[in-house]
$ cat start_23.cif   # mmCIF, C-alpha atoms
data_query
loop_
_atom_site.label_atom_id
_atom_site.label_comp_id
_atom_site.auth_asym_id
_atom_site.auth_seq_id
_atom_site.Cartn_x
_atom_site.Cartn_y
_atom_site.Cartn_z
CA MET A 1 17.43 -3.35 10.69
CA THR A 2 15.35 -0.55 9.18
CA THR A 3 11.78 0.23 10.19
CA PRO A 4 9.46 -0.70 7.29
CA ARG A 5 7.12 1.93 5.90
CA VAL A 6 4.40 -0.55 4.94
CA LEU A 7 3.28 -3.84 6.51
CA VAL A 8 0.43 -6.28 5.85
CA THR A 9 -1.90 -8.14 8.21
CA PRO A 10 -2.64 -11.88 7.93
CA ALA A 11 -6.06 -11.00 6.46
CA GLY A 12 -4.34 -8.79 3.89
CA GLN A 13 -1.91 -11.59 3.05
CA ALA A 14 -4.80 -14.00 2.53
CA LEU A 15 -6.51 -11.62 0.10
CA ILE A 16 -3.22 -11.07 -1.73
CA ALA A 17 -2.82 -14.85 -2.05
CA THR A 18 -6.34 -15.16 -3.52
CA LEU A 19 -5.69 -12.39 -6.03
CA ARG A 20 -2.22 -13.65 -6.91
CA ALA A 21 -3.65 -17.12 -7.70
CA LYS A 22 -6.12 -15.51 -10.11
CA HIS A 23 -4.02 -12.71 -11.63
CA GLY A 24 -0.33 -13.53 -11.13
CA PRO A 25 2.18 -11.01 -9.71
CA LEU A 26 0.57 -7.96 -8.12
CA MET A 27 1.38 -4.35 -7.26
CA PHE A 28 -0.29 -1.69 -5.12
CA HIS A 29 -0.73 2.04 -5.57
CA GLN A 30 -2.16 4.53 -3.11
CA SER A 31 -3.12 7.80 -4.75
CA GLY A 32 -5.50 9.49 -2.36
CA GLY A 33 -7.47 10.47 -5.46
CA CYS A 34 -11.12 11.43 -5.56
CA CYS A 35 -12.58 8.25 -7.07
CA ASP A 36 -11.71 5.74 -4.38
CA GLY A 37 -10.49 8.01 -1.60
CA SER A 38 -7.39 6.73 0.09
CA ALA A 39 -8.03 3.03 -0.57
CA PRO A 40 -4.96 1.14 -1.75
CA MET A 41 -5.53 -0.09 -5.28
CA CYS A 42 -4.28 -3.55 -6.31
CA TYR A 43 -3.35 -4.24 -9.95
CA PRO A 44 -1.62 -6.96 -11.92
CA GLN A 45 2.06 -6.02 -11.71
CA GLY A 46 2.96 -3.61 -14.52
CA GLU A 47 -0.66 -2.72 -15.40
CA PHE A 48 -0.50 0.59 -13.54
CA MET A 49 2.29 2.77 -14.88
CA VAL A 50 4.27 4.45 -12.12
CA GLY A 51 6.37 7.50 -12.79
CA GLY A 52 8.35 10.31 -11.25
CA ALA A 53 5.34 11.43 -9.23
CA ASP A 54 5.24 8.10 -7.37
CA VAL A 55 7.20 6.80 -4.39
CA LEU A 56 8.02 3.13 -3.74
CA LEU A 57 7.43 2.61 -0.01
CA GLY A 58 8.43 -1.05 0.04
CA GLU A 59 6.82 -4.44 -0.53
CA ILE A 60 4.02 -6.33 1.14
CA ASP A 61 4.03 -10.08 0.67
CA GLY A 62 6.29 -9.67 -2.36
CA CYS A 63 4.16 -6.96 -3.99
CA PRO A 64 5.62 -3.47 -4.58
CA PHE A 65 3.62 -0.73 -2.83
CA TYR A 66 3.68 2.75 -4.38
CA MET A 67 2.15 6.03 -3.27
CA SER A 68 1.77 9.29 -5.12
CA ALA A 69 4.41 11.81 -4.05
CA ALA A 70 1.72 14.34 -3.08
CA GLN A 71 0.06 11.79 -0.80
CA PHE A 72 3.45 10.77 0.62
CA GLU A 73 4.00 14.35 1.83
CA TYR A 74 1.06 13.86 4.20
CA TRP A 75 1.84 10.26 5.22
CA GLU A 76 5.64 10.37 5.42
CA HIS A 77 5.71 10.12 9.23
CA THR A 78 3.28 7.20 9.42
CA GLN A 79 3.71 3.48 9.04
CA LEU A 80 1.00 1.89 6.90
CA LEU A 81 -0.63 -1.42 7.77
CA ILE A 82 -2.56 -2.95 4.89
CA ASP A 83 -5.54 -4.96 6.08
CA ALA A 84 -8.47 -6.71 4.38
CA VAL A 85 -12.04 -6.22 5.61
CA PRO A 86 -15.48 -7.21 4.29
CA GLY A 87 -16.81 -4.90 1.59
CA ARG A 88 -16.36 -3.90 -2.02
CA GLY A 89 -12.96 -2.69 -3.18
CA GLY A 90 -12.19 0.27 -5.39
CA ALA A 91 -13.74 0.24 -8.86
CA PHE A 92 -10.42 -0.36 -10.63
CA SER A 93 -8.80 -2.53 -7.97
CA LEU A 94 -8.62 -6.32 -8.25
CA ASP A 95 -10.21 -6.74 -4.82
CA SER A 96 -13.49 -5.20 -6.08
CA ALA A 97 -15.02 -8.58 -6.95
CA GLU A 98 -13.87 -10.55 -3.90
CA GLY A 99 -16.32 -9.45 -1.19
CA GLN A 100 -13.33 -8.01 0.67
CA ARG A 101 -11.37 -4.83 0.26
CA PHE A 102 -7.96 -3.59 1.23
CA LEU A 103 -7.90 -0.97 3.96
CA VAL A 104 -5.05 1.23 5.17
CA ARG A 105 -4.48 1.57 8.87
CA SER A 106 -1.72 3.90 9.99
CA ARG A 107 0.22 5.00 13.02
CA LEU A 108 2.94 7.54 13.71
CA TYR A 109 6.47 6.24 14.08
CA SER A 110 8.11 6.44 17.48
CA ASP A 111 11.23 8.62 17.66
CA GLU A 112 13.38 5.48 17.70
CA GLU A 113 11.64 4.02 14.64
CA TRP A 114 11.80 7.32 12.75
CA ALA A 115 15.56 7.45 13.27
CA ASP A 116 15.84 4.17 11.35
CA VAL A 117 12.93 4.33 8.90
CA ALA A 118 13.38 2.67 5.51
CA PRO A 119 14.32 5.00 2.66
CA VAL A 120 11.97 5.42 -0.30
CA THR A 121 12.64 5.26 -4.02
CA ARG A 122 11.04 7.87 -6.26
CA GLY A 123 9.67 7.03 -9.68
#
$ encode --input "start_23.cif" --output "structure tokens"
Amino acid sequence: MTTPRVLVTPAGQALIATLRAKHGPLMFHQSGGCCDGSAPMCYPQGEFMVGGADVLLGEIDGCPFYMSAAQFEYWEHTQLLIDAVPGRGGAFSLDSAEGQRFLVRSRLYSDEEWADVAPVTRG
């Protein structure tokens, strides 16, 4: 069994369920851009166009989770845990109107986990 690159907390799953009920299938993208810092952005699936400069880390609760390749260079050795906390989400993210926002928590892989970490797909 491979070590996943991205996981989701129960609070994150609950927010995903709320957004999915309102908007249908969802996707995430983490850019590390200037507008919303490193907050993961949630979109209706297919609304955000991914390309060769993006990396598919995996899925959380059935939603693909992408990261920009430049950001991935910094985060490659960390496992991401997507949580939901009180607050306002990113301006373009679906969580912005829910009174909760997605938050990335991270930790370094152990040597054993790193030896079996899930591969990524580019673009």
$ closest_residue --input "start_23.cif" --among "A:Ile60, A:Val120, A:Val85, A:Leu26" --to "Phe72 of chain A" --atoms "only C-alpha atoms"
A:Val120
$ resolve_selection --input "start_23.cif" --expression "the PyMOL selection byres ((chain A and resi 116) around 12)" --output "ChimeraX atom specification"
/A:1-5,77,109-115,117-119
$ resolve_selection --input "start_23.cif" --expression "the PyMOL selection byres ((chain A and resi 49) around 12)" --output "list in words"
Met27, Phe28, His29, Tyr43, Pro44, Gln45, Gly46, Glu47, Phe48, Val50, Gly51, Gly52, Ala53, Asp54, Tyr66, Ser68 and Gly123 of chain A
$ closest_residue --input "start_23.cif" --among "A:Ala14, A:Leu94, A:Ala39, A:Leu103" --to "Leu81 of chain A" --atoms "only C-alpha atoms"
A:Leu103
$ residues_around --input "start_23.cif" --residues "Val6 of chain A" --least-positions-apart "3" --cutoff "9 Å" --atoms "only C-alpha atoms" --output "list in words"
Leu57, Gly58, Glu59, Ile60, Phe65, Gln79, Leu80, Leu81 and Ile82 of chain A
$ closest_residue --input "start_23.cif" --among "A:Arg122, A:Asp95, A:Gly87, A:Arg107" --to "Lys22 of chain A" --atoms "only C-alpha atoms"
A:Asp95
$ atom_distance --input "start_23.cif" --atom1 "atom CA of Arg20 of chain A" --atom2 "atom CA of Trp75 of chain A"
27.1 Å
$ decode --input "start_23.cif" --residues "segment 42-71 of chain A" --atoms "N, CA, C and O atoms" --output "compact mmCIF listing (two decimals), in the first residue's frame"
# COMPACT_ATOMS: atom_id res chain seq x y z
N CYS A 42 -11.05 25.48 -3.79
CA CYS A 42 -12.03 24.47 -4.19
C CYS A 42 -12.90 25.04 -5.30
O CYS A 42 -13.43 26.16 -5.17
N TYR A 43 -13.04 24.29 -6.39
CA TYR A 43 -13.80 24.72 -7.56
C TYR A 43 -14.76 23.61 -7.99
O TYR A 43 -14.50 22.44 -7.71
N PRO A 44 -15.80 23.97 -8.73
CA PRO A 44 -16.56 22.91 -9.40
C PRO A 44 -15.59 22.17 -10.34
O PRO A 44 -14.74 22.80 -10.98
N GLN A 45 -15.68 20.86 -10.38
CA GLN A 45 -14.74 20.08 -11.18
C GLN A 45 -14.77 20.55 -12.63
O GLN A 45 -15.83 20.71 -13.22
N GLY A 46 -13.59 20.82 -13.19
CA GLY A 46 -13.45 21.27 -14.56
C GLY A 46 -13.48 22.78 -14.73
O GLY A 46 -13.17 23.28 -15.80
N GLU A 47 -13.84 23.54 -13.69
CA GLU A 47 -13.89 25.00 -13.82
C GLU A 47 -12.49 25.61 -13.83
O GLU A 47 -12.26 26.61 -14.49
N PHE A 48 -11.57 25.02 -13.10
CA PHE A 48 -10.18 25.48 -13.10
C PHE A 48 -9.41 24.59 -14.07
O PHE A 48 -9.42 23.38 -13.95
N MET A 49 -8.79 25.21 -15.04
CA MET A 49 -8.07 24.45 -16.06
C MET A 49 -6.66 24.13 -15.58
O MET A 49 -5.87 25.03 -15.33
N VAL A 50 -6.37 22.84 -15.43
CA VAL A 50 -5.03 22.43 -15.04
C VAL A 50 -4.22 22.16 -16.31
O VAL A 50 -4.77 21.90 -17.37
N GLY A 51 -2.92 22.27 -16.16
CA GLY A 51 -2.06 22.07 -17.32
C GLY A 51 -0.75 21.43 -16.94
O GLY A 51 -0.59 20.88 -15.85
N GLY A 52 0.22 21.54 -17.81
CA GLY A 52 1.52 20.94 -17.61
C GLY A 52 2.29 21.47 -16.42
O GLY A 52 3.23 20.84 -15.96
N ALA A 53 1.89 22.62 -15.91
CA ALA A 53 2.55 23.20 -14.74
C ALA A 53 1.87 22.79 -13.44
O ALA A 53 2.12 23.37 -12.39
N ASP A 54 0.99 21.78 -13.51
CA ASP A 54 0.28 21.31 -12.32
C ASP A 54 0.56 19.83 -12.09
O ASP A 54 0.83 19.08 -13.03
N VAL A 55 0.47 19.43 -10.83
CA VAL A 55 0.74 18.06 -10.41
C VAL A 55 -0.50 17.54 -9.69
O VAL A 55 -1.05 18.21 -8.82
N LEU A 56 -0.97 16.35 -10.07
CA LEU A 56 -2.08 15.71 -9.38
C LEU A 56 -1.49 14.91 -8.22
O LEU A 56 -0.79 13.92 -8.43
N LEU A 57 -1.79 15.34 -6.98
CA LEU A 57 -1.26 14.66 -5.80
C LEU A 57 -2.07 13.44 -5.42
O LEU A 57 -1.57 12.53 -4.76
N GLY A 58 -3.35 13.45 -5.74
CA GLY A 58 -4.25 12.37 -5.37
C GLY A 58 -5.66 12.90 -5.27
O GLY A 58 -5.99 13.93 -5.86
N GLU A 59 -6.48 12.21 -4.49
CA GLU A 59 -7.87 12.62 -4.29
C GLU A 59 -8.17 12.69 -2.81
O GLU A 59 -7.61 11.92 -2.02
N ILE A 60 -9.06 13.62 -2.46
CA ILE A 60 -9.61 13.66 -1.11
C ILE A 60 -11.11 13.58 -1.23
O ILE A 60 -11.73 14.36 -1.94
N ASP A 61 -11.68 12.59 -0.60
CA ASP A 61 -13.12 12.37 -0.63
C ASP A 61 -13.68 12.39 -2.05
O ASP A 61 -14.71 12.98 -2.33
N GLY A 62 -12.93 11.78 -2.97
CA GLY A 62 -13.36 11.70 -4.36
C GLY A 62 -13.08 12.92 -5.21
O GLY A 62 -13.46 12.97 -6.38
N CYS A 63 -12.40 13.91 -4.66
CA CYS A 63 -12.10 15.15 -5.39
C CYS A 63 -10.62 15.18 -5.75
O CYS A 63 -9.76 15.05 -4.86
N PRO A 64 -10.28 15.38 -7.03
CA PRO A 64 -8.87 15.48 -7.40
C PRO A 64 -8.23 16.70 -6.72
O PRO A 64 -8.87 17.75 -6.57
N PHE A 65 -6.98 16.54 -6.30
CA PHE A 65 -6.24 17.60 -5.61
C PHE A 65 -4.96 17.87 -6.38
O PHE A 65 -4.07 17.01 -6.46
N TYR A 66 -4.87 19.06 -6.98
CA TYR A 66 -3.72 19.48 -7.78
C TYR A 66 -2.90 20.53 -7.05
O TYR A 66 -3.42 21.26 -6.20
N MET A 67 -1.64 20.61 -7.43
CA MET A 67 -0.75 21.64 -6.89
C MET A 67 0.12 22.13 -8.04
O MET A 67 0.49 21.34 -8.92
N SER A 68 0.44 23.41 -8.03
CA SER A 68 1.35 23.90 -9.06
C SER A 68 2.70 23.21 -8.90
O SER A 68 3.13 22.89 -7.79
N ALA A 69 3.36 22.96 -10.02
CA ALA A 69 4.65 22.25 -9.99
C ALA A 69 5.68 23.03 -9.18
O ALA A 69 6.48 22.43 -8.45
N ALA A 70 5.66 24.36 -9.26
CA ALA A 70 6.61 25.17 -8.50
C ALA A 70 6.39 24.99 -7.00
O ALA A 70 7.35 24.87 -6.23
N GLN A 71 5.14 24.97 -6.59
CA GLN A 71 4.81 24.76 -5.17
C GLN A 71 5.20 23.35 -4.75
O GLN A 71 5.70 23.13 -3.64
